[in-house]
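The structure file coords24.cif is reproduced below (mmCIF, C-alpha atoms).
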data_start
loop_
_atom_site.label_atom_id
_atom_site.label_comp_id
_atom_site.auth_asym_id
_atom_site.auth_seq_id
_atom_site.Cartn_x
_atom_site.Cartn_y
_atom_site.Cartn_z
CA MET A 74 75.74 253.94 125.65
CA ASP A 75 75.64 252.34 122.21
CA VAL A 76 72.25 251.10 121.01
CA TYR A 77 72.16 248.70 118.07
CA PHE A 78 68.79 249.02 116.39
CA SER A 79 66.93 248.30 113.17
CA PRO A 80 64.27 250.77 112.05
CA LEU A 81 60.79 250.07 113.46
CA ALA A 82 62.01 246.84 115.07
CA CYS A 83 61.44 246.10 118.76
CA SER A 84 64.63 248.04 119.46
CA MET A 85 62.51 251.18 119.08
CA ALA A 86 61.29 250.55 122.63
CA SER A 87 64.85 251.22 123.85
CA ARG A 88 64.90 254.49 121.91
CA ILE A 89 61.57 255.53 123.42
CA ALA A 90 62.81 254.69 126.92
CA LEU A 91 65.98 256.70 126.35
CA TYR A 92 63.99 259.66 125.01
CA GLU A 93 61.75 259.48 128.09
CA ALA A 94 64.82 259.30 130.33
CA GLY A 95 66.41 262.24 128.54
CA ALA A 96 69.53 260.09 128.24
CA PRO A 97 71.94 260.48 125.33
CA ALA A 98 72.99 257.42 123.33
CA ARG A 99 74.84 256.54 120.15
CA TYR A 100 72.35 254.76 117.88
CA ILE A 101 73.94 252.29 115.49
CA GLU A 102 71.71 251.06 112.68
CA VAL A 103 71.84 247.37 111.80
CA ASP A 104 70.43 246.18 108.48
CA ALA A 105 67.82 243.61 109.52
CA LYS A 106 68.62 241.32 106.58
CA THR A 107 72.41 241.53 106.14
CA LYS A 108 73.13 241.89 109.89
CA ARG A 109 75.73 244.54 109.15
CA THR A 110 75.76 248.03 110.55
CA LEU A 111 75.45 250.84 108.04
CA ASP A 112 79.24 251.30 108.54
CA GLY A 113 79.79 247.70 107.43
CA GLU A 114 80.51 246.26 110.89
CA ASP A 115 79.57 242.58 111.34
CA PHE A 116 76.77 242.69 113.92
CA PHE A 117 77.13 238.99 114.72
CA ALA A 118 80.49 239.89 116.28
CA VAL A 119 78.59 242.07 118.76
CA ASN A 120 75.62 239.75 119.35
CA PRO A 121 76.01 236.21 117.96
CA LEU A 122 72.21 235.95 117.75
CA GLY A 123 72.08 238.96 115.45
CA LEU A 124 69.15 240.38 117.41
CA VAL A 125 68.34 243.99 118.15
CA PRO A 126 68.15 245.68 120.55
CA THR A 127 71.65 245.12 121.83
CA ILE A 128 73.32 247.76 123.96
CA ARG A 129 76.88 248.42 125.02
CA THR A 130 76.92 250.25 128.34
CA ASP A 131 79.41 252.99 129.17
CA ASP A 132 81.31 250.28 131.09
CA GLY A 133 81.61 248.25 127.89
CA GLU A 134 79.12 245.55 128.89
CA VAL A 135 77.08 244.11 126.03
CA LEU A 136 73.49 243.43 127.12
CA THR A 137 70.82 241.76 125.00
CA GLU A 138 67.10 240.95 125.28
CA ASN A 139 64.38 243.58 125.50
CA ALA A 140 63.16 242.88 129.02
CA ALA A 141 66.71 243.20 130.40
CA ILE A 142 67.65 246.30 128.38
CA LEU A 143 64.43 248.18 129.12
CA GLN A 144 64.74 247.58 132.85
CA TYR A 145 68.41 248.62 132.67
CA ILE A 146 67.48 251.92 131.02
CA ALA A 147 64.64 252.52 133.50
CA ASP A 148 66.91 251.89 136.49
CA MET A 149 69.63 254.12 135.03
CA ALA A 150 67.24 257.08 135.15
CA PRO A 151 65.01 256.58 138.20
CA ALA A 152 63.77 260.18 138.11
CA ALA A 153 61.95 259.45 134.85
CA GLY A 154 59.79 256.88 136.66
CA LEU A 155 59.87 254.36 133.82
CA ALA A 156 59.72 251.34 136.14
CA PRO A 157 58.53 250.82 139.70
CA SER A 158 61.58 250.36 141.91
CA GLY A 159 60.45 247.11 143.53
CA GLY A 160 57.69 245.08 145.12
CA MET A 161 54.57 243.80 143.40
CA ALA A 162 54.51 246.85 141.09
CA ARG A 163 57.89 245.79 139.70
CA SER A 164 56.62 242.21 139.34
CA ARG A 165 53.69 243.53 137.30
CA LEU A 166 56.11 245.42 135.04
CA GLN A 167 58.04 242.17 134.50
CA GLN A 168 54.78 240.33 133.87
CA TRP A 169 53.83 242.73 131.07
CA LEU A 170 57.32 242.77 129.56
CA CYS A 171 57.25 238.98 129.53
CA PHE A 172 53.71 238.77 128.14
CA THR A 173 54.57 241.20 125.34
CA GLY A 174 57.81 239.37 124.53
CA THR A 175 56.46 235.84 124.59
CA GLU A 176 52.74 235.95 123.73
CA LEU A 177 52.72 238.83 121.25
CA HIS A 178 56.22 239.42 119.86
CA LYS A 179 57.48 235.84 119.56
CA ALA A 180 54.28 233.80 119.34
CA LEU A 181 52.16 236.11 117.17
CA PHE A 182 54.29 238.49 115.11
CA VAL A 183 57.51 236.56 114.39
CA PRO A 184 55.69 233.74 112.51
CA LEU A 185 53.57 236.29 110.61
CA PHE A 186 56.65 238.27 109.55
CA ASP A 187 58.61 235.18 108.45
CA PRO A 188 58.03 234.75 104.69
CA LYS A 189 58.87 231.05 105.08
CA THR A 190 55.96 230.39 107.47
CA PRO A 191 53.37 228.24 105.64
CA ASP A 192 49.85 229.73 105.38
CA GLU A 193 48.38 226.95 107.50
CA ALA A 194 50.78 227.79 110.33
CA LYS A 195 49.92 231.48 109.99
CA ALA A 196 46.24 230.68 110.46
CA ARG A 197 47.05 228.74 113.63
CA THR A 198 49.23 231.61 114.87
CA LEU A 199 46.41 234.11 114.32
CA GLU A 200 43.94 231.90 116.13
CA LYS A 201 46.13 231.82 119.24
CA GLY A 202 47.06 235.49 118.87
CA GLU A 203 43.43 236.60 118.87
CA SER A 204 42.95 235.22 122.37
CA ARG A 205 45.98 237.20 123.56
CA LEU A 206 44.66 240.42 122.05
CA ALA A 207 41.25 239.79 123.59
CA TYR A 208 42.90 239.35 126.99
CA LEU A 209 44.80 242.59 126.53
CA ASN A 210 41.63 244.35 125.38
CA THR A 211 39.82 243.35 128.56
CA TYR A 212 42.75 244.40 130.73
CA LEU A 213 42.97 247.83 129.08
CA THR A 214 39.32 248.67 129.81
CA GLY A 215 39.43 252.02 131.61
CA ARG A 216 43.23 252.04 131.77
CA GLU A 217 45.54 254.59 130.23
CA PHE A 218 48.74 252.56 130.67
CA LEU A 219 49.70 248.97 131.55
CA LEU A 220 50.68 250.11 135.06
CA ASP A 221 49.40 253.25 136.80
CA ARG A 222 51.70 255.49 134.75
CA PHE A 223 53.80 255.26 131.59
CA SER A 224 56.52 252.61 131.89
CA VAL A 225 59.01 250.79 129.67
CA ALA A 226 56.37 248.06 129.30
CA ASP A 227 54.21 250.57 127.39
CA ALA A 228 57.18 251.44 125.17
CA TYR A 229 57.61 247.77 124.28
CA LEU A 230 53.90 247.00 123.86
CA THR A 231 53.42 250.05 121.63
CA ILE A 232 56.11 249.11 119.13
CA VAL A 233 54.92 245.49 119.02
CA LEU A 234 51.28 246.53 118.49
CA SER A 235 52.37 249.01 115.81
CA TRP A 236 53.41 246.02 113.70
CA THR A 237 49.72 245.38 113.05
CA ARG A 238 50.15 247.97 110.26
CA ALA A 239 52.44 245.46 108.53
CA THR A 240 50.22 242.46 109.30
CA PRO A 241 46.80 243.14 107.71
CA GLU A 242 45.65 239.74 109.00
CA ILE A 243 45.30 241.36 112.42
CA ASP A 244 42.45 243.84 112.67
CA LEU A 245 42.51 245.81 115.90
CA ALA A 246 38.93 246.98 115.25
CA ALA A 247 37.92 243.79 117.06
CA HIS A 248 39.87 245.01 120.10
CA PRO A 249 38.82 248.66 120.52
CA ASN A 250 40.66 249.26 123.82
CA VAL A 251 43.89 247.99 122.27
CA LYS A 252 43.34 250.14 119.21
CA ALA A 253 42.66 253.26 121.31
CA TYR A 254 45.70 252.50 123.51
CA LEU A 255 47.95 252.25 120.46
CA GLU A 256 46.64 255.55 119.05
CA ARG A 257 47.07 257.25 122.44
CA MET A 258 50.62 255.96 122.84
CA ARG A 259 51.60 256.96 119.30
CA ALA A 260 50.56 260.52 120.12
CA ARG A 261 52.92 260.63 123.11
CA PRO A 262 55.84 262.95 122.27
CA SER A 263 58.67 260.43 122.87
CA ILE A 264 56.92 257.82 120.76
CA ALA A 265 55.89 260.21 117.99
CA ALA A 266 59.52 261.42 117.83
CA ALA A 267 60.82 257.86 117.61
CA PHE A 268 58.45 257.02 114.76
CA ALA A 269 59.30 260.29 112.98
CA LEU A 270 62.97 259.37 113.09
CA GLU A 271 62.75 255.65 112.32
CA SER A 272 60.00 255.60 109.66
CA PRO A 273 62.22 257.24 106.98
CA LEU A 274 65.09 254.93 107.99
CA PHE A 275 62.79 251.96 107.48
CA ARG A 276 61.77 253.19 104.03
CA ALA A 277 65.46 253.66 103.17
CA GLU A 278 66.19 250.10 104.33
CA VAL A 279 63.44 248.74 102.11
CA ALA A 280 64.74 250.81 99.15
CA ARG A 281 68.31 249.51 99.73
CA ARG A 282 67.03 245.95 99.76
CA LYS A 283 65.14 246.43 96.50
CA ALA A 284 68.21 248.01 94.88
CA ALA A 285 70.50 245.16 96.00
CA MET B 294 51.38 230.97 148.21
CA ASP B 295 49.29 229.05 145.69
CA VAL B 296 51.13 227.75 142.63
CA TYR B 297 49.06 226.61 139.66
CA PHE B 298 51.11 224.10 137.69
CA SER B 299 50.87 221.35 135.11
CA PRO B 300 53.23 218.37 135.41
CA LEU B 301 56.58 218.86 133.62
CA ALA B 302 55.42 222.20 132.18
CA CYS B 303 57.48 225.36 132.60
CA SER B 304 55.75 225.86 135.93
CA MET B 305 58.22 223.30 137.28
CA ALA B 306 60.77 226.12 137.42
CA SER B 307 58.63 227.80 140.09
CA ARG B 308 58.59 224.55 142.08
CA ILE B 309 62.38 224.24 141.81
CA ALA B 310 62.82 227.86 142.94
CA LEU B 311 60.51 227.28 145.91
CA TYR B 312 62.36 224.08 146.86
CA GLU B 313 65.67 225.98 146.67
CA ALA B 314 64.18 228.77 148.78
CA GLY B 315 62.84 226.28 151.32
CA ALA B 316 59.50 228.06 151.01
CA PRO B 317 56.21 226.23 151.49
CA ALA B 318 53.49 226.52 148.86
CA ARG B 319 50.16 224.98 147.97
CA TYR B 320 50.58 223.35 144.54
CA ILE B 321 47.38 223.17 142.52
CA GLU B 322 47.48 220.91 139.48
CA VAL B 323 45.87 222.16 136.29
CA ASP B 324 45.07 219.72 133.49
CA ALA B 325 46.98 221.13 130.53
CA LYS B 326 44.22 220.19 128.07
CA THR B 327 40.96 220.84 129.92
CA LYS B 328 42.30 223.86 131.85
CA ARG B 329 40.56 222.66 134.98
CA THR B 330 42.23 221.98 138.29
CA LEU B 331 42.07 218.39 139.54
CA ASP B 332 39.34 219.66 141.91
CA GLY B 333 37.31 220.80 138.91
CA GLU B 334 37.97 224.55 139.30
CA ASP B 335 37.91 226.55 136.04
CA PHE B 336 41.50 227.74 135.65
CA PHE B 337 40.51 230.42 133.12
CA ALA B 338 38.76 232.18 136.02
CA VAL B 339 42.18 232.49 137.71
CA ASN B 340 44.25 233.29 134.60
CA PRO B 341 42.21 234.13 131.47
CA LEU B 342 45.17 232.99 129.34
CA GLY B 343 45.03 229.54 130.90
CA LEU B 344 48.79 229.52 131.29
CA VAL B 345 50.89 227.99 134.05
CA PRO B 346 52.70 229.00 136.13
CA THR B 347 50.28 231.34 137.83
CA ILE B 348 50.71 232.16 141.48
CA ARG B 349 48.50 233.72 144.11
CA THR B 350 50.61 235.41 146.75
CA ASP B 351 49.77 235.39 150.44
CA ASP B 352 48.36 238.89 149.85
CA GLY B 353 45.96 237.47 147.28
CA GLU B 354 47.73 238.96 144.23
CA VAL B 355 47.57 236.81 141.10
CA LEU B 356 50.85 236.99 139.18
CA THR B 357 51.53 235.37 135.81
CA GLU B 358 54.50 234.93 133.45
CA ASN B 359 57.61 232.94 134.30
CA ALA B 360 60.12 235.78 134.36
CA ALA B 361 57.98 237.76 136.82
CA ILE B 362 57.12 234.81 139.07
CA LEU B 363 60.67 233.48 139.27
CA GLN B 364 62.06 236.88 140.24
CA TYR B 365 59.25 237.27 142.77
CA ILE B 366 60.17 233.96 144.40
CA ALA B 367 63.89 234.80 144.35
CA ASP B 368 63.30 238.19 145.99
CA MET B 369 61.00 236.65 148.58
CA ALA B 370 63.89 234.50 149.85
CA PRO B 371 67.06 236.57 149.39
CA ALA B 372 69.09 234.26 151.65
CA ALA B 373 68.80 231.50 149.06
CA GLY B 374 70.71 233.64 146.56
CA LEU B 375 68.52 232.69 143.62
CA ALA B 376 68.89 236.08 141.91
CA PRO B 377 71.46 238.87 142.14
CA SER B 378 69.90 241.78 144.03
CA GLY B 379 70.68 244.44 141.41
CA GLY B 380 73.11 245.98 138.98
CA MET B 381 74.48 244.36 135.84
CA ALA B 382 74.29 240.89 137.46
CA ARG B 383 70.52 241.32 137.78
CA SER B 384 70.35 242.52 134.18
CA ARG B 385 72.15 239.34 133.10
CA LEU B 386 69.61 237.24 135.02
CA GLN B 387 66.82 239.06 133.17
CA GLN B 388 68.66 238.56 129.89
CA TRP B 389 68.76 234.79 130.39
CA LEU B 390 65.17 234.58 131.60
CA CYS B 391 64.11 236.51 128.52
CA PHE B 392 66.29 234.45 126.14
CA THR B 393 64.91 231.21 127.55
CA GLY B 394 61.33 232.45 127.39
CA THR B 395 61.43 233.94 123.91
CA GLU B 396 64.10 232.11 121.90
CA LEU B 397 63.74 228.62 123.35
CA HIS B 398 60.38 228.21 125.06
CA LYS B 399 58.14 230.21 122.69
CA ALA B 400 60.06 230.15 119.42
CA LEU B 401 61.42 226.59 119.49
CA PHE B 402 59.36 224.32 121.73
CA VAL B 403 55.81 225.69 121.51
CA PRO B 404 55.54 225.12 117.72
CA LEU B 405 57.10 221.64 118.08
CA PHE B 406 54.64 220.67 120.81
CA ASP B 407 51.59 221.95 118.92
CA PRO B 408 50.09 219.00 117.01
CA LYS B 409 48.52 221.49 114.58
CA THR B 410 51.89 222.90 113.45
CA PRO B 411 52.49 221.79 109.84
CA ASP B 412 55.69 219.76 109.20
CA GLU B 413 57.12 222.50 106.99
CA ALA B 414 56.78 225.03 109.79
CA LYS B 415 58.40 222.58 112.23
CA ALA B 416 61.42 222.29 109.95
CA ARG B 417 61.74 226.08 109.88
CA THR B 418 61.38 226.22 113.67
CA LEU B 419 64.16 223.66 114.11
CA GLU B 420 66.45 225.54 111.74
CA LYS B 421 66.15 228.72 113.82
CA GLY B 422 66.27 226.79 117.09
CA GLU B 423 69.57 225.14 116.21
CA SER B 424 71.28 228.54 116.08
CA ARG B 425 69.93 229.36 119.54
CA LEU B 426 71.21 226.07 120.97
CA ALA B 427 74.59 226.63 119.31
CA TYR B 428 74.78 230.08 120.94
CA LEU B 429 73.93 228.58 124.31
CA ASN B 430 76.48 225.81 123.79
CA THR B 431 79.26 228.35 123.19
CA TYR B 432 78.20 230.40 126.21
CA LEU B 433 78.20 227.36 128.50
CA THR B 434 81.81 226.44 127.65
CA GLY B 435 83.57 226.19 130.99
CA ARG B 436 80.53 227.41 132.92
CA GLU B 437 78.63 225.52 135.57
CA PHE B 438 75.62 227.87 135.65
CA LEU B 439 74.21 230.71 133.55
CA LEU B 440 75.46 233.23 136.14
CA ASP B 441 78.27 232.60 138.63
CA ARG B 442 76.02 230.48 140.85
CA PHE B 443 72.69 228.68 140.59
CA SER B 444 69.82 231.07 139.91
CA VAL B 445 66.17 230.99 138.90
CA ALA B 446 67.36 231.33 135.30
CA ASP B 447 68.94 227.86 135.61
CA ALA B 448 65.67 226.50 136.98
CA TYR B 449 63.81 227.82 133.94
CA LEU B 450 66.43 226.80 131.38
CA THR B 451 66.62 223.28 132.83
CA ILE B 452 62.92 222.55 132.52
CA VAL B 453 62.79 224.00 128.99
CA LEU B 454 65.83 221.97 127.87
CA SER B 455 64.36 218.85 129.48
CA TRP B 456 61.60 219.01 126.86
CA THR B 457 64.13 217.74 124.31
CA ARG B 458 63.15 214.29 125.64
CA ALA B 459 59.70 214.87 124.16
CA THR B 460 61.03 216.40 120.94
CA PRO B 461 63.23 213.78 119.27
CA GLU B 462 63.84 216.24 116.42
CA ILE B 463 66.28 218.06 118.72
CA ASP B 464 69.46 216.12 119.40
CA LEU B 465 71.55 217.71 122.12
CA ALA B 466 74.54 215.55 121.09
CA ALA B 467 75.32 218.36 118.66
CA HIS B 468 75.56 220.72 121.64
CA PRO B 469 77.68 218.85 124.21
CA ASN B 470 77.94 221.71 126.72
CA VAL B 471 74.17 222.08 126.75
CA LYS B 472 73.76 218.33 127.15
CA ALA B 473 76.24 218.21 130.04
CA TYR B 474 74.60 221.26 131.66
CA LEU B 475 71.19 219.60 131.52
CA GLU B 476 72.54 216.37 133.04
CA ARG B 477 74.34 218.33 135.77
CA MET B 478 71.22 220.36 136.61
CA ARG B 479 68.99 217.29 136.67
CA ALA B 480 71.26 215.77 139.31
CA ARG B 481 70.83 218.82 141.57
CA PRO B 482 68.69 217.78 144.59
CA SER B 483 65.93 220.39 144.15
CA ILE B 484 65.58 219.56 140.48
CA ALA B 485 65.76 215.80 140.94
CA ALA B 486 63.06 216.09 143.62
CA ALA B 487 60.84 218.15 141.32
CA PHE B 488 61.15 215.60 138.52
CA ALA B 489 60.53 212.74 140.93
CA LEU B 490 57.30 214.37 142.04
CA GLU B 491 56.02 215.61 138.68
CA SER B 492 56.95 212.72 136.37
CA PRO B 493 54.31 210.34 137.85
CA LEU B 494 51.77 213.19 137.75
CA PHE B 495 52.56 213.67 134.07
CA ARG B 496 52.06 209.97 133.37
CA ALA B 497 48.75 210.11 135.25
CA GLU B 498 47.69 213.10 133.15
CA VAL B 499 48.47 211.23 129.94
CA ALA B 500 46.56 208.19 131.22
CA ARG B 501 43.52 210.34 132.12
CA ARG B 502 43.56 211.84 128.65
CA LYS B 503 43.66 208.42 127.00
CA ALA B 504 40.82 207.19 129.20
CA ALA B 505 38.64 210.22 128.43
#

In structure tokens, how does this file's structure come out?
Amino acid sequence: MDVYFSPLACSMASRIALYEAGAPARYIEVDAKTKRTLDGEDFFAVNPLGLVPTIRTDDGEVLTENAAILQYIADMAPAAGLAPSGGMARSRLQQWLCFTGTELHKALFVPLFDPKTPDEAKARTLEKGESRLAYLNTYLTGREFLLDRFSVADAYLTIVLSWTRATPEIDLAAHPNVKAYLERMRARPSIAAAFALESPLFRAEVARRKAA
Amino acid sequence: MDVYFSPLACSMASRIALYEAGAPARYIEVDAKTKRTLDGEDFFAVNPLGLVPTIRTDDGEVLTENAAILQYIADMAPAAGLAPSGGMARSRLQQWLCFTGTELHKALFVPLFDPKTPDEAKARTLEKGESRLAYLNTYLTGREFLLDRFSVADAYLTIVLSWTRATPEIDLAAHPNVKAYLERMRARPSIAAAFALESPLFRAEVARRKAA
């Protein structure tokens, strides 16, 4: 499998899932700004939206969108138990993947990361985002994971929550269960390994951009 | 099953799926502004996020988030063929549910609908949204549906695209395949029936708000 990723982007959830599954993959780094791979390939030719993660399966199928890719990886390695196989437990997994993708990733972090977002709009985004974090904080009371064991939804939520380091406007101190969850997840071997690998790549990306 | 909905909101996709499945449900209208049901029930007590659709299954489980609910309904009525049962076809369904939820619903329409979004931010939202509609337009060339037959992803995409009527900033004339798709879907009996039922409810909601 080929995995197109950008360092510390949401594609890191795919890496974590693959580490958990013990599945090999070829990781292809995409510069988040230029949308070219480090080998100079035009990433828009692979995914016209230019979004990571994008995977190419061993059958040559190009699949996009986090919720689809993470469930694909989980189902590819059922022994790793990264997703319930069906029933209401699977619906709950989809609920949390969808919540993380829509309410946190797209509604909260994307506007904060966009340098073109006006300050007034950022304030409005934070106001709405706070209610989502409060909801999550309540849900995580007494829970170790989103479901009853580690799942691909935790991989996705962890990378999205980790972006609070880059968005000082969001203070997780107000949401202690969320803060503790993030710290717990970051200590998990697969996640710690993913950060150890991608953090230097991210710093290199930033350095390249400054040099350009 | 109980289905909490607001007229012409994304919850209409759940109604369309249930019509297609021939499955009965108790539809409970939630005022989009006050977050109370028409019977005066506090909707936040059902879903702390106050978001429709929210369903309560016959087993009493409360499930939220479009992608989860639509797949739940599809799997509840396999004979209706509203979702592929597995494999790459199911991954594609999840890809389109996720694309519609993140790139169109949350990233494009939510900021346009929010009266507190500054004009400058709206312009930026439209700029990004245009590229998503262009991508969809290319994909829909020569296709009747998102997959090879009608699925819950079409139900969701149709209601989201129908919001272009309320957002004059988006002109689908620039995306003729998307425009034709929307017209085709709106003529489908289940979808026409859902609009026929919910459009008067929407007008009544607007009238109530003006009277308040």

### Query
Near Asp352 in chain B, counting all atoms listed in the file, which residues have an atom at most 12 Å away, once you skip same-chain residues fewer than 5 positions from it, shown as a PyMOL selection string?
(chain A and resi 161) or (chain B and resi 294-295)

### Message
Distance cut-off 8 Å, centre (51.2, 224.2, 102.6) in file coordinates, counting only C-alpha atoms: which residues qualify? Return them as a list in words.
### Response
Pro191, Asp192 and Glu193 of chain A; Pro411 and Glu413 of chain B

#### Entry: Test item: residues at most 8 Å from Phe268 in chain A, only C-alpha atoms, excluding those fewer than 4 positions along its chain, as a ChimeraX atom specification
/A:81,264,272

Give me a file of those residues, with C-alpha atoms, as an mmCIF file, in the frame of the given file.
data_model
loop_
_atom_site.group_PDB
_atom_site.id
_atom_site.type_symbol
_atom_site.label_atom_id
_atom_site.label_comp_id
_atom_site.auth_asym_id
_atom_site.auth_seq_id
_atom_site.Cartn_x
_atom_site.Cartn_y
_atom_site.Cartn_z
ATOM 1 C CA LEU A 81 60.790 250.070 113.460
ATOM 2 C CA ILE A 264 56.920 257.820 120.760
ATOM 3 C CA SER A 272 60.000 255.600 109.660
#

#### Entry: Test item: the PyMOL selection byres ((chain A and resi 209-220) around 6) resolved as a PyMOL selection string
chain A and resi 206-208+221-223+248+250-251

### Task
Output the contact residues of chain A with respect to chain B at a cut-off of 6 Å, based on all atoms listed in the file, as a ChimeraX atom specification.
/A:138,141,164,167-168,175,190,194

So which residues touch Ala376 in chain B within 7 Å, counting all atoms listed in the file, skipping near sequence neighbours fewer than 3 positions away, as a tab-separated table (two decimals) with C-alpha atoms, in the frame of the given file?
chain	number	residue	atom	x	y	z
B	367	ALA	CA	63.89	234.80	144.35
B	383	ARG	CA	70.52	241.32	137.78
B	444	SER	CA	69.82	231.07	139.91
B	445	VAL	CA	66.17	230.99	138.90

#### Entry: Separation of CA of Glu278 in chain A from CA of Leu111 in chain A, in Å and rounded to one decimal
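Taking CA of Glu278 in chain A and CA of Leu111 in chain A, their separation equals 10.0 Å.
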
### Message
At a cut-off of 12 Å, using all atoms listed in the file, what residues contact Ala285 in chain A? Leave out same-chain residues fewer than 6 positions from it and give the result as a list in words.
### Response
Lys106, Thr107, Glu278 and Val279 of chain A

### Message
For a test of reading the model, state the distance in Å between CA of Thr460 in chain B and CA of Ala302 in chain B, rounded to one decimal.
### Response
13.8 Å
